[in-house]
file model31.cif (mmCIF, C-alpha atoms)
data_final
loop_
_atom_site.label_atom_id
_atom_site.label_comp_id
_atom_site.auth_asym_id
_atom_site.auth_seq_id
_atom_site.Cartn_x
_atom_site.Cartn_y
_atom_site.Cartn_z
CA MET B 6 0.00 0.00 0.00
CA LEU B 7 1.38 3.42 -0.98
CA PRO B 8 1.25 6.58 1.18
CA TYR B 9 -1.45 9.05 0.23
CA VAL B 10 -0.47 12.66 -0.60
CA VAL B 11 -3.11 15.32 -1.32
CA ILE B 12 -2.55 18.61 -3.19
CA ALA B 13 -4.67 21.49 -1.84
CA GLY B 14 -4.84 25.25 -2.35
CA ARG B 15 -6.96 28.08 -3.70
CA PRO B 16 -7.83 28.27 -7.42
CA ASN B 17 -5.19 29.03 -10.05
CA VAL B 18 -2.04 28.59 -7.96
CA GLY B 19 -0.77 25.81 -10.27
CA LYS B 20 -1.92 22.68 -8.43
CA SER B 21 -2.72 20.77 -11.62
CA THR B 22 0.60 21.76 -13.22
CA LEU B 23 2.37 20.46 -10.11
CA PHE B 24 0.29 17.25 -10.24
CA ASN B 25 1.25 16.65 -13.88
CA ARG B 26 4.91 17.40 -13.13
CA LEU B 27 5.06 14.99 -10.18
CA ILE B 28 3.36 12.06 -11.95
CA ARG B 29 5.17 12.91 -15.23
CA LYS B 30 2.00 12.75 -17.28
CA ASN B 31 -0.43 15.33 -18.65
CA ARG B 32 -3.39 13.92 -16.73
CA ALA B 33 -4.90 17.15 -15.39
CA ILE B 34 -6.11 19.96 -17.65
CA THR B 35 -4.16 23.15 -17.01
CA HIS B 36 -5.45 26.57 -18.05
CA ASP B 37 -5.11 30.21 -17.03
CA GLN B 38 -8.82 30.23 -16.18
CA PRO B 39 -9.36 29.61 -12.44
CA GLY B 40 -11.40 26.62 -11.29
CA VAL B 41 -10.50 24.22 -14.12
CA THR B 42 -10.00 21.23 -11.80
CA ARG B 43 -13.30 20.30 -10.17
CA ASP B 44 -13.07 16.59 -9.43
CA ARG B 45 -10.20 14.90 -7.67
CA LEU B 46 -7.59 13.23 -9.87
CA SER B 47 -5.18 10.55 -8.74
CA GLY B 48 -1.86 9.19 -9.92
CA VAL B 49 1.32 7.53 -8.66
CA VAL B 50 4.68 9.28 -8.24
CA ARG B 51 7.77 7.28 -9.13
CA HIS B 52 11.24 8.23 -7.91
CA GLU B 53 14.54 6.45 -8.51
CA GLY B 54 12.77 3.66 -10.37
CA ARG B 55 10.14 2.83 -7.75
CA GLU B 56 6.58 3.83 -6.93
CA ARG B 57 6.82 6.09 -3.89
CA PHE B 58 3.40 7.55 -3.12
CA ALA B 59 -0.13 8.04 -4.46
CA LEU B 60 -0.95 11.64 -5.36
CA VAL B 61 -4.38 13.30 -5.45
CA ASP B 62 -5.17 16.67 -7.05
CA THR B 63 -8.21 18.54 -5.71
CA GLY B 64 -10.22 21.47 -7.03
CA GLY B 65 -9.46 25.04 -6.02
CA LEU B 66 -10.63 25.67 -2.45
CA ILE B 67 -12.60 28.77 -1.46
CA PRO B 68 -13.57 28.85 2.25
CA GLN B 69 -17.10 30.07 2.96
CA ALA B 70 -17.93 29.91 -0.74
CA ARG B 71 -21.41 31.06 -1.75
CA ASP B 72 -21.53 29.29 -5.11
CA ASP B 73 -22.97 25.74 -4.95
CA LEU B 74 -20.21 24.37 -7.18
CA ASP B 75 -17.43 25.91 -5.06
CA ARG B 76 -19.04 24.56 -1.89
CA GLU B 77 -19.19 21.06 -3.39
CA ILE B 78 -15.50 21.26 -4.38
CA PHE B 79 -14.63 22.36 -0.83
CA LEU B 80 -16.58 19.50 0.78
CA GLN B 81 -15.03 16.92 -1.55
CA ALA B 82 -11.54 18.18 -0.75
CA GLN B 83 -12.24 17.96 2.99
CA ASP B 84 -13.22 14.29 2.58
CA VAL B 85 -9.95 13.56 0.78
CA ILE B 86 -7.84 15.48 3.32
CA GLU B 87 -9.19 13.26 6.12
CA THR B 88 -7.51 10.22 4.51
CA ALA B 89 -4.20 11.93 3.61
CA ASP B 90 -0.79 10.98 5.03
CA LEU B 91 0.58 14.37 3.90
CA ILE B 92 -0.96 17.55 2.46
CA LEU B 93 0.87 19.67 -0.10
CA PHE B 94 -0.46 23.18 0.47
CA VAL B 95 0.23 25.06 -2.79
CA VAL B 96 0.44 28.86 -2.95
CA ASP B 97 1.36 31.37 -5.67
CA GLY B 98 4.82 32.87 -5.00
CA ARG B 99 4.35 35.69 -7.48
CA GLU B 100 1.11 36.95 -5.92
CA GLY B 101 2.27 36.61 -2.32
CA LEU B 102 0.30 35.54 0.74
CA SER B 103 -3.43 36.16 0.32
CA ARG B 104 -6.30 36.22 2.81
CA ILE B 105 -7.64 32.95 1.36
CA ASP B 106 -4.19 31.33 1.78
CA GLN B 107 -4.24 32.29 5.47
CA GLN B 108 -7.75 30.86 5.91
CA LEU B 109 -6.77 27.61 4.20
CA ALA B 110 -3.61 27.36 6.32
CA ASP B 111 -5.77 27.59 9.47
CA MET B 112 -8.15 24.93 8.12
CA LEU B 113 -5.29 22.55 7.26
CA ARG B 114 -3.73 22.95 10.71
CA GLN B 115 -7.07 21.92 12.25
CA SER B 116 -7.03 18.72 10.18
CA ASN B 117 -4.14 17.45 12.38
CA LYS B 118 -2.43 16.18 9.23
CA PRO B 119 1.21 16.87 8.28
CA VAL B 120 1.31 19.84 5.90
CA HIS B 121 4.13 20.85 3.57
CA LEU B 122 3.93 24.30 2.00
CA VAL B 123 4.77 24.42 -1.73
CA ILE B 124 5.46 27.93 -3.03
CA ASN B 125 4.82 27.64 -6.74
CA LYS B 126 5.69 29.85 -9.73
CA ILE B 127 9.20 30.66 -8.42
CA ASP B 128 10.88 30.65 -11.82
CA GLY B 129 14.23 32.30 -11.06
CA LEU B 130 16.73 31.01 -8.51
CA GLU B 131 17.81 34.53 -7.55
CA LYS B 132 14.20 35.66 -6.92
CA GLY B 133 13.12 32.63 -4.90
CA PRO B 134 13.97 33.78 -1.35
CA LEU B 135 12.50 37.24 -1.96
CA LEU B 136 9.19 35.96 -3.39
CA ALA B 137 8.87 33.29 -0.69
CA ALA B 138 9.48 35.64 2.25
CA ASP B 139 5.78 36.36 2.97
CA PHE B 140 4.99 32.70 3.48
CA TYR B 141 7.45 32.05 6.34
CA SER B 142 4.85 33.65 8.63
CA LEU B 143 2.68 30.53 8.23
CA GLY B 144 5.25 28.54 10.20
CA MET B 145 5.22 25.54 7.87
CA ASP B 146 8.04 23.52 6.31
CA LEU B 147 8.26 24.81 2.76
CA THR B 148 9.79 24.30 -0.65
CA ALA B 149 9.85 26.86 -3.46
CA VAL B 150 9.33 25.35 -6.93
CA SER B 151 8.37 26.11 -10.48
CA SER B 152 5.94 23.42 -11.63
CA ALA B 153 5.91 24.84 -15.15
CA HIS B 154 9.71 24.64 -15.56
CA GLY B 155 10.54 21.76 -13.19
CA HIS B 156 12.71 23.85 -10.84
CA ASN B 157 13.28 22.14 -7.45
CA ILE B 158 10.80 19.29 -8.18
CA SER B 159 13.32 16.54 -7.33
CA ARG B 160 14.07 18.24 -4.02
CA LEU B 161 10.33 18.48 -3.29
CA ILE B 162 9.89 14.75 -3.95
CA ASP B 163 12.76 13.94 -1.56
CA GLU B 164 11.21 16.13 1.14
CA ILE B 165 7.79 14.51 0.64
CA ILE B 166 9.27 11.01 0.96
CA ASN B 167 11.17 11.99 4.13
CA ARG B 168 7.93 13.15 5.75
CA LEU B 169 5.82 10.11 4.82
CA PRO B 170 5.22 7.06 7.03
CA VAL B 171 7.06 3.89 6.04
CA PHE B 172 4.93 1.68 3.80
CA SER B 173 5.80 -1.54 2.01
CA LEU B 174 6.68 -0.49 -1.51
CA PRO B 175 5.96 -2.71 -4.51
CA ASP B 176 9.11 -4.11 -6.17
CA THR B 177 7.46 -4.56 -9.55
CA ASP B 178 5.08 -2.58 -11.70
CA GLU B 179 1.72 -4.06 -10.76
CA LYS B 180 -0.74 -3.92 -13.65
CA PRO B 181 -4.47 -3.50 -12.97
CA GLN B 182 -6.14 -6.89 -13.15
CA GLY B 183 -9.49 -5.75 -14.46
CA LEU B 184 -10.82 -3.71 -17.34
CA LYS B 185 -10.69 0.01 -18.01
CA PHE B 186 -14.09 1.65 -18.50
CA SER B 187 -14.92 5.10 -19.80
CA PHE B 188 -18.16 7.07 -19.42
CA LEU B 189 -19.11 9.10 -22.48
CA GLY B 190 -22.12 11.26 -23.27
CA ARG B 191 -23.56 14.71 -23.60
CA PRO B 192 -23.38 17.14 -20.65
CA ASN B 193 -25.78 16.57 -17.77
CA VAL B 194 -27.02 13.10 -18.77
CA GLY B 195 -25.91 11.71 -15.39
CA LYS B 196 -22.46 10.23 -16.10
CA SER B 197 -20.97 11.32 -12.78
CA SER B 198 -24.07 10.26 -10.84
CA LEU B 199 -23.90 6.79 -12.41
CA LEU B 200 -20.21 6.51 -11.60
CA ASN B 201 -20.88 7.43 -7.97
CA ALA B 202 -23.73 4.90 -7.84
CA ILE B 203 -21.54 2.10 -9.24
CA THR B 204 -18.61 2.80 -6.89
CA GLY B 205 -20.85 3.47 -3.89
CA GLU B 206 -18.95 6.70 -3.13
CA ASN B 207 -19.22 10.38 -4.02
CA ARG B 208 -15.99 10.18 -5.99
CA VAL B 209 -16.87 12.78 -8.63
CA MET B 210 -18.84 15.98 -8.35
CA VAL B 211 -22.49 16.03 -9.38
CA SER B 212 -24.27 19.26 -10.31
CA SER B 213 -27.33 20.26 -12.30
CA THR B 214 -25.06 22.71 -14.13
CA ALA B 215 -24.06 21.21 -17.48
CA GLY B 216 -20.31 20.87 -17.99
CA THR B 217 -19.32 20.34 -14.33
CA THR B 218 -16.83 17.60 -15.23
CA ARG B 219 -13.92 18.91 -17.30
CA ASP B 220 -11.08 16.51 -16.57
CA CYS B 221 -11.06 12.79 -17.27
CA VAL B 222 -11.20 11.41 -13.72
CA ASP B 223 -9.68 7.95 -13.07
CA ILE B 224 -11.18 5.89 -10.24
CA THR B 225 -10.00 2.44 -9.16
CA LEU B 226 -12.68 -0.01 -8.07
CA GLU B 227 -12.11 -3.49 -6.64
CA ILE B 228 -14.79 -6.15 -7.08
CA LYS B 229 -14.25 -9.78 -6.05
CA GLY B 230 -10.50 -9.35 -6.04
CA ARG B 231 -10.30 -7.72 -9.47
CA LYS B 232 -9.30 -4.09 -9.95
CA TYR B 233 -11.18 -1.96 -12.45
CA THR B 234 -10.44 1.57 -13.61
CA ILE B 235 -13.38 3.84 -14.40
CA VAL B 236 -12.92 7.15 -16.24
CA ASP B 237 -15.52 9.90 -16.02
CA THR B 238 -15.22 12.28 -18.96
CA ALA B 239 -16.39 15.77 -19.82
CA GLY B 240 -19.77 16.03 -21.53
CA VAL B 241 -19.46 16.05 -25.32
CA ARG B 242 -21.44 18.88 -26.89
CA ARG B 243 -22.02 19.49 -30.57
CA ARG B 244 -19.23 21.58 -32.09
CA THR B 245 -21.23 24.83 -32.37
CA ALA B 246 -22.06 24.65 -28.67
CA VAL B 247 -18.43 24.38 -27.53
CA SER B 248 -17.92 27.93 -26.33
CA ASP B 249 -14.27 28.19 -25.28
CA ASP B 250 -10.84 26.64 -25.70
CA LEU B 251 -10.99 24.94 -22.31
CA GLU B 252 -14.22 23.11 -23.07
CA ARG B 253 -12.97 22.16 -26.54
CA PHE B 254 -9.89 20.60 -24.93
CA SER B 255 -12.12 18.75 -22.45
CA VAL B 256 -14.19 17.30 -25.30
CA LEU B 257 -11.07 16.12 -27.15
CA LYS B 258 -9.81 14.45 -23.97
CA ALA B 259 -13.17 12.72 -23.53
CA LEU B 260 -13.08 11.24 -27.03
CA LYS B 261 -9.41 10.27 -26.64
CA SER B 262 -10.20 8.61 -23.32
CA SER B 263 -12.97 6.57 -24.93
CA LYS B 264 -10.48 5.20 -27.49
CA ARG B 265 -8.10 4.09 -24.71
CA ALA B 266 -10.81 2.31 -22.71
CA ASP B 267 -11.58 -1.40 -22.97
CA ILE B 268 -15.32 -0.78 -22.66
CA VAL B 269 -17.22 2.51 -23.07
CA PHE B 270 -20.48 3.25 -21.28
CA LEU B 271 -22.39 5.65 -23.52
CA VAL B 272 -24.95 7.46 -21.35
CA LEU B 273 -28.17 8.82 -22.87
CA ASP B 274 -30.95 10.80 -21.20
CA ALA B 275 -34.24 8.86 -21.08
CA LEU B 276 -36.23 12.10 -21.04
CA ALA B 277 -34.45 13.63 -24.05
CA GLY B 278 -34.49 10.56 -26.29
CA VAL B 279 -31.78 10.02 -28.93
CA VAL B 280 -30.77 13.49 -30.09
CA SER B 281 -28.45 14.30 -32.99
CA GLN B 282 -25.32 14.53 -30.80
CA ASP B 283 -26.09 11.08 -29.33
CA LYS B 284 -26.25 9.67 -32.86
CA LYS B 285 -22.89 11.23 -33.68
CA LEU B 286 -21.34 9.63 -30.60
CA LEU B 287 -22.93 6.29 -31.50
CA SER B 288 -21.54 6.58 -35.02
CA PHE B 289 -18.11 7.49 -33.65
CA LEU B 290 -18.00 4.40 -31.41
CA ASP B 291 -19.39 2.17 -34.17
CA ARG B 292 -16.89 3.50 -36.73
CA GLU B 293 -13.95 3.07 -34.33
CA LYS B 294 -15.14 -0.46 -33.49
CA THR B 295 -15.07 0.39 -29.79
CA PRO B 296 -16.87 -2.06 -27.48
CA PHE B 297 -19.64 -0.10 -25.78
CA ILE B 298 -22.76 -0.43 -23.67
CA VAL B 299 -25.63 2.06 -23.96
CA MET B 300 -27.06 3.27 -20.65
CA ILE B 301 -30.46 4.97 -20.84
CA ASN B 302 -30.32 6.97 -17.60
CA LYS B 303 -32.94 8.80 -15.48
CA MET B 304 -35.54 6.03 -15.88
CA ASP B 305 -36.82 6.89 -12.39
CA MET B 306 -38.23 10.09 -13.92
CA VAL B 307 -40.23 8.24 -16.61
CA PRO B 308 -43.84 7.40 -15.64
CA GLY B 309 -44.58 3.67 -15.60
CA SER B 310 -47.24 4.04 -18.29
CA GLU B 311 -44.67 5.55 -20.67
CA ARG B 312 -41.82 3.06 -20.24
CA LYS B 313 -42.91 0.47 -22.81
CA ARG B 314 -43.37 3.11 -25.50
CA LEU B 315 -40.04 4.70 -24.54
CA LYS B 316 -38.12 1.41 -24.83
CA GLU B 317 -39.68 0.70 -28.23
CA MET B 318 -38.52 4.13 -29.39
CA PHE B 319 -34.94 3.49 -28.23
CA VAL B 320 -34.89 0.09 -29.98
CA ARG B 321 -35.82 1.82 -33.26
CA GLU B 322 -33.39 4.69 -32.86
CA LEU B 323 -30.46 2.44 -31.88
CA GLY B 324 -31.12 -0.11 -34.60
CA PHE B 325 -28.16 0.94 -36.76
CA CYS B 326 -25.77 -0.35 -34.04
CA GLY B 327 -28.00 -3.11 -32.76
CA HIS B 328 -25.15 -5.24 -31.38
CA ALA B 329 -24.52 -2.82 -28.48
CA PRO B 330 -26.16 -3.92 -25.22
CA VAL B 331 -28.72 -1.47 -23.81
CA LEU B 332 -29.37 -0.95 -20.10
CA TYR B 333 -32.20 1.13 -18.65
CA THR B 334 -30.76 2.71 -15.53
CA SER B 335 -31.30 5.15 -12.70
CA ALA B 336 -28.40 6.59 -10.73
CA VAL B 337 -30.94 7.61 -8.04
CA THR B 338 -32.53 4.19 -7.41
CA GLY B 339 -29.70 1.93 -8.69
CA THR B 340 -32.00 0.32 -11.28
CA GLY B 341 -30.11 -1.53 -14.01
CA LEU B 342 -26.68 -1.30 -12.34
CA GLY B 343 -26.55 -4.64 -10.54
CA GLY B 344 -24.97 -6.72 -13.31
CA ILE B 345 -23.14 -4.02 -15.22
CA ILE B 346 -19.61 -5.29 -14.48
CA GLN B 347 -20.54 -8.86 -15.40
CA LEU B 348 -22.08 -7.61 -18.66
CA ALA B 349 -18.91 -5.66 -19.45
CA GLU B 350 -16.78 -8.75 -18.75
CA LYS B 351 -18.97 -10.82 -21.09
CA LEU B 352 -18.64 -8.20 -23.83
CA TRP B 353 -14.87 -8.09 -23.37
CA GLY B 354 -14.72 -11.88 -23.58
CA GLN B 355 -16.44 -11.72 -26.97
CA CYS B 356 -13.93 -9.10 -28.14
CA LEU B 357 -11.09 -11.54 -27.38
CA THR B 358 -12.74 -14.49 -29.16
CA ARG B 359 -10.57 -16.52 -31.56
CA ILE B 360 -12.16 -18.88 -34.09
CA GLY B 361 -10.32 -21.56 -36.05
CA THR B 362 -10.04 -21.22 -39.83
CA GLY B 363 -11.75 -24.57 -40.34
CA GLU B 364 -14.84 -23.47 -38.41
CA LEU B 365 -14.96 -20.18 -40.30
CA ASN B 366 -14.85 -21.82 -43.69
CA ARG B 367 -17.60 -24.24 -42.73
CA LEU B 368 -19.68 -21.17 -41.89
CA VAL B 369 -18.91 -19.66 -45.33
CA ARG B 370 -20.04 -22.80 -47.16
CA GLU B 371 -23.23 -23.17 -45.13
CA ALA B 372 -24.07 -19.45 -45.44
CA ALA B 373 -23.56 -19.53 -49.23
CA ASN B 374 -25.69 -22.66 -49.57
CA ARG B 375 -28.55 -20.99 -47.69
CA HIS B 376 -28.25 -17.67 -49.48
CA GLN B 377 -25.99 -17.05 -52.47
CA PRO B 378 -24.43 -13.62 -53.05
CA PRO B 379 -26.70 -11.51 -55.30
CA SER B 380 -25.83 -11.05 -58.94
CA VAL B 381 -24.37 -7.67 -59.94
CA LYS B 382 -24.62 -6.92 -63.70
CA GLY B 383 -24.59 -10.60 -64.50
CA ARG B 384 -21.65 -11.40 -62.22
CA ARG B 385 -21.78 -13.02 -58.80
CA ALA B 386 -19.34 -12.70 -55.90
CA LYS B 387 -17.56 -15.84 -54.82
CA ILE B 388 -15.92 -16.39 -51.43
CA TYR B 389 -12.88 -18.65 -51.69
CA TYR B 390 -12.04 -18.81 -47.99
CA MET B 391 -11.84 -16.69 -44.84
CA THR B 392 -9.70 -16.38 -41.74
CA GLN B 393 -9.55 -14.39 -38.52
CA ALA B 394 -6.86 -11.70 -38.66
CA GLY B 395 -7.12 -10.24 -35.14
CA ILE B 396 -9.01 -9.66 -31.92
CA ASN B 397 -10.35 -6.64 -30.00
CA PRO B 398 -12.34 -6.26 -32.09
CA PRO B 399 -12.51 -9.63 -33.86
CA GLN B 400 -11.44 -9.03 -37.47
CA PHE B 401 -12.37 -11.47 -40.25
CA VAL B 402 -10.86 -11.41 -43.74
CA PHE B 403 -12.87 -12.81 -46.67
CA PHE B 404 -10.88 -13.66 -49.81
CA VAL B 405 -13.18 -13.17 -52.80
CA ASN B 406 -13.04 -12.94 -56.58
CA ASN B 407 -14.02 -9.26 -56.58
CA PRO B 408 -14.78 -7.15 -53.46
CA ASP B 409 -16.91 -4.77 -55.55
CA LEU B 410 -19.43 -7.55 -56.12
CA MET B 411 -20.06 -7.94 -52.38
CA LYS B 412 -23.17 -5.82 -51.84
CA SER B 413 -23.70 -4.24 -48.41
CA SER B 414 -26.80 -6.36 -47.82
CA TYR B 415 -24.76 -9.57 -48.24
CA ARG B 416 -21.99 -8.26 -46.03
CA LYS B 417 -24.60 -7.65 -43.32
CA TYR B 418 -25.93 -11.17 -43.89
CA LEU B 419 -22.45 -12.65 -43.33
CA GLU B 420 -21.97 -10.55 -40.18
CA LYS B 421 -25.33 -11.77 -38.88
CA GLN B 422 -24.28 -15.39 -39.46
CA LEU B 423 -20.98 -14.83 -37.64
CA ARG B 424 -22.77 -13.34 -34.67
CA LYS B 425 -25.38 -16.10 -34.56
CA ILE B 426 -23.11 -19.13 -34.99
CA PHE B 427 -20.24 -17.98 -32.76
CA ARG B 428 -22.30 -16.07 -30.16
CA LEU B 429 -20.78 -12.70 -30.91
CA ASP B 430 -24.00 -10.80 -30.33
CA MET B 431 -22.46 -7.82 -28.45
CA ALA B 432 -18.93 -7.32 -29.76
CA PRO B 433 -18.08 -4.96 -32.62
CA LEU B 434 -16.87 -6.90 -35.66
CA ARG B 435 -14.61 -5.81 -38.50
CA LEU B 436 -15.18 -7.57 -41.84
CA VAL B 437 -12.59 -7.10 -44.59
CA PHE B 438 -13.00 -8.31 -48.19
CA ARG B 439 -9.87 -8.87 -50.28
CA GLU B 440 -9.43 -9.93 -53.87
CA SER B 441 -7.91 -13.34 -54.46
CA GLN B 442 -7.38 -15.56 -57.49
CA GLY B 443 -8.85 -18.48 -55.62
#
call {"tool": "encode", "arguments": {"input": "model31.cif", "output": "structure tokens"}}
result
Amino acid sequence: MLPYVVIAGRPNVGKSTLFNRLIRKNRAITHDQPGVTRDRLSGVVRHEGRERFALVDTGGLIPQARDDLDREIFLQAQDVIETADLILFVVDGREGLSRIDQQLADMLRQSNKPVHLVINKIDGLEKGPLLAADFYSLGMDLTAVSSAHGHNISRLIDEIINRLPVFSLPDTDEKPQGLKFSFLGRPNVGKSSLLNAITGENRVMVSSTAGTTRDCVDITLEIKGRKYTIVDTAGVRRRTAVSDDLERFSVLKALKSSKRADIVFLVLDALAGVVSQDKKLLSFLDREKTPFIVMINKMDMVPGSERKRLKEMFVRELGFCGHAPVLYTSAVTGTGLGGIIQLAEKLWGQCLTRIGTGELNRLVREAANRHQPPSVKGRRAKIYYMTQAGINPPQFVFFVNNPDLMKSSYRKYLEKQLRKIFRLDMAPLRLVFRESQG
């Protein structure tokens, strides 16, 4: 088990830049606009070839905040601080000691946790002592750094390690045993609420304000001895609705995150139906051959008399990617969430399916005997043989006399036969047709 270090401080002092620098990855979104980080992000800091401590980045803290969102950020950070082995209290060296910094220092002292003051944005060695002078009045052990340029980061890591309790450190790089999931969907469809319901904790912030989640937040979940990673992403709006550079970057990270995941949970709003942006996301996942599960959320808000009609509508609208499993869920009541991990495991198992060439060619012969390829201008396609070329997703290569003669209707027929015979009803499939002389 690794020690637990939490980064805390007011907005826009460079906490996320420090987080990225320490874990050596661009995990947190950094921007000049205050309040970019809203949910807590976690990572592991390595030093001298070993994992040394777990690191958590929190949103900008504003004591006695009036805004609902700021209050929620503050309460979440307090929960995290209670479990910390060390708190990195980050301040802005260029701006000097502020009233909010003093209030936060008092709050952190009351937590009875070890606190190390990190004076950030000290870019020049000769200016460091002068810029840091104000902060000595807080009476805390401190280190002056520049997260943006890497100045004094190695020294900070050494000082953190010296202040941490002794834990047994892993000698090898332990890989997560389970799958990596990603939540994708438009803003305010309930992605974060579903994630909290699945994990059983308030791990990410929930707000009625669309666009609350901006970072891709990684959460580790252990079920029956297997570790899963769940990523909550920013809501994906249509392009004309993306109003600033920060949100555009968040959307790009959401789509990129979905491509790295093993399984994507695409969340739709039961009350809104399948809108045009939902169809674009469905097409994106279908085109990329990403394994995904559709979650129709907020079913608790649908009257019982309307549910049958609603489900029939979703079946029609989702017909063009009919292989994707559909769950009707409620983050409020927990409806539809009981078997979600088992369903994802089953889908992943199909994605890793391998089928022998002999079995595949028997399927080709039987399929052609039942239904021959249609004639195109007096010529008919002929399949000589087929083989499986890869997994995740399963890819099948058909060697034919002329790929242009394989009409889309017959290609769909062959895909349907593959799914039926080999029980690949949920996995995305990639069918490739190549010319061969037979």
call {"tool": "resolve_selection", "arguments": {"input": "model31.cif", "expression": "the PyMOL selection byres ((chain B and resi 287) around 10)", "output": "PyMOL selection string"}}
result
chain B and resi 190+271+279+281-286+288-293+295+297+299+323+325-326+329
call {"tool": "resolve_selection", "arguments": {"input": "model31.cif", "expression": "the PyMOL selection byres ((chain B and resi 160-171) around 8)", "output": "PyMOL selection string"}}
result
chain B and resi 8+27+52+57-58+90-91+121+148+150+157-159+172-173
call {"tool": "write_last_selection", "arguments": {"input": "model31.cif", "atoms": "C-alpha atoms", "output": "mmCIF file, in the frame of the given file"}}
result
data_model
loop_
_atom_site.group_PDB
_atom_site.id
_atom_site.type_symbol
_atom_site.label_atom_id
_atom_site.label_comp_id
_atom_site.auth_asym_id
_atom_site.auth_seq_id
_atom_site.Cartn_x
_atom_site.Cartn_y
_atom_site.Cartn_z
ATOM 1 C CA PRO B 8 1.250 6.580 1.180
ATOM 2 C CA LEU B 27 5.060 14.990 -10.180
ATOM 3 C CA HIS B 52 11.240 8.230 -7.910
ATOM 4 C CA ARG B 57 6.820 6.090 -3.890
ATOM 5 C CA PHE B 58 3.400 7.550 -3.120
ATOM 6 C CA ASP B 90 -0.790 10.980 5.030
ATOM 7 C CA LEU B 91 0.580 14.370 3.900
ATOM 8 C CA HIS B 121 4.130 20.850 3.570
ATOM 9 C CA THR B 148 9.790 24.300 -0.650
ATOM 10 C CA VAL B 150 9.330 25.350 -6.930
ATOM 11 C CA ASN B 157 13.280 22.140 -7.450
ATOM 12 C CA ILE B 158 10.800 19.290 -8.180
ATOM 13 C CA SER B 159 13.320 16.540 -7.330
ATOM 14 C CA PHE B 172 4.930 1.680 3.800
ATOM 15 C CA SER B 173 5.800 -1.540 2.010
#
call {"tool": "residues_around", "arguments": {"input": "model31.cif", "residues": "region 377-388 of chain B", "least_positions_apart": "3", "cutoff": "6 Å", "atoms": "only C-alpha atoms", "output": "PyMOL selection string"}}
result
chain B and resi 373+404-406+410-411
call {"tool": "write_last_selection", "arguments": {"input": "model31.cif", "atoms": "C-alpha atoms", "output": "short mmCIF file (atom, residue, chain, number, x, y, z; two decimals), keeping the file's coordinate frame"}}
result
data_model
loop_
_atom_site.label_atom_id
_atom_site.label_comp_id
_atom_site.auth_asym_id
_atom_site.auth_seq_id
_atom_site.Cartn_x
_atom_site.Cartn_y
_atom_site.Cartn_z
CA ALA B 373 -23.56 -19.53 -49.23
CA PHE B 404 -10.88 -13.66 -49.81
CA VAL B 405 -13.18 -13.17 -52.80
CA ASN B 406 -13.04 -12.94 -56.58
CA LEU B 410 -19.43 -7.55 -56.12
CA MET B 411 -20.06 -7.94 -52.38
#
call {"tool": "atom_distance", "arguments": {"input": "model31.cif", "atom1": "CA of Gln108 (chain B)", "atom2": "CA of Gly48 (chain B)"}}
result
27.5 Å
call {"tool": "closest_atom_pairs", "arguments": {"input": "model31.cif", "of": "region 268-356 of chain B", "to": "region 232-236 of chain B", "cutoff": "10 Å", "atoms": "only C-alpha atoms", "output": "tab-separated table"}}
result
residue	atom	partner	partner_atom	distance
B:Ile268	CA	B:Ile235	CA	9.7
B:Val269	CA	B:Val236	CA	9.3
B:Phe270	CA	B:Val236	CA	9.9
B:Ile346	CA	B:Tyr233	CA	9.3
call {"tool": "atom_distance", "arguments": {"input": "model31.cif", "atom1": "CA of Asn366 (chain B)", "atom2": "CA of Tyr389 (chain B)"}}
result
8.8 Å
call {"tool": "closest_residue", "arguments": {"input": "model31.cif", "among": "B:Lys425, B:Arg367, B:Lys303, B:Lys294", "to": "Pro399 (chain B)", "atoms": "all atoms listed in the file"}}
result
B:Lys294
call {"tool": "closest_residue", "arguments": {"input": "model31.cif", "among": "B:Lys126, B:Ser335, B:Asn117, B:Val49", "to": "Leu200 (chain B)", "atoms": "all atoms listed in the file"}}
result
B:Ser335
call {"tool": "resolve_selection", "arguments": {"input": "model31.cif", "expression": "the PyMOL selection byres ((chain B and resi 61) around 7)", "output": "ChimeraX atom specification"}}
result
/B:10-12,45-48,59-60,62-63
call {"tool": "atom_distance", "arguments": {"input": "model31.cif", "atom1": "CA of Lys417 (chain B)", "atom2": "CA of Asn397 (chain B)"}}
result
19.5 Å
call {"tool": "residues_around", "arguments": {"input": "model31.cif", "residues": "Glu100 (chain B)", "least_positions_apart": "4", "cutoff": "12 Å", "atoms": "only C-alpha atoms", "output": "list in words"}}
result
Asn17, Val18, Val96, Arg104, Asp106, Ile124, Asn125, Lys126, Ile127, Leu136, Ala137, Ala138, Asp139 and Phe140 of chain B
call {"tool": "closest_residue", "arguments": {"input": "model31.cif", "among": "B:Pro192, B:Gly101, B:Gly205, B:Gly361", "to": "Ile224 (chain B)", "atoms": "all atoms listed in the file"}}
result
B:Gly205
call {"tool": "closest_residue", "arguments": {"input": "model31.cif", "among": "B:Val194, B:Leu109, B:Val331, B:Val437", "to": "Asp274 (chain B)", "atoms": "all atoms listed in the file"}}
result
B:Val194
call {"tool": "residues_around", "arguments": {"input": "model31.cif", "residues": "region 304-311 of chain B", "least_positions_apart": "4", "cutoff": "9 Å", "atoms": "all atoms listed in the file", "output": "list in words"}}
result
Asp274, Ala275, Leu276, Leu315, Lys316, Tyr333, Thr334, Ser335, Ala336, Val337, Thr338 and Thr340 of chain B
call {"tool": "closest_residue", "arguments": {"input": "model31.cif", "among": "B:Arg370, B:Leu342, B:Lys412, B:Gly98", "to": "Ser198 (chain B)", "atoms": "all atoms listed in the file"}}
result
B:Leu342
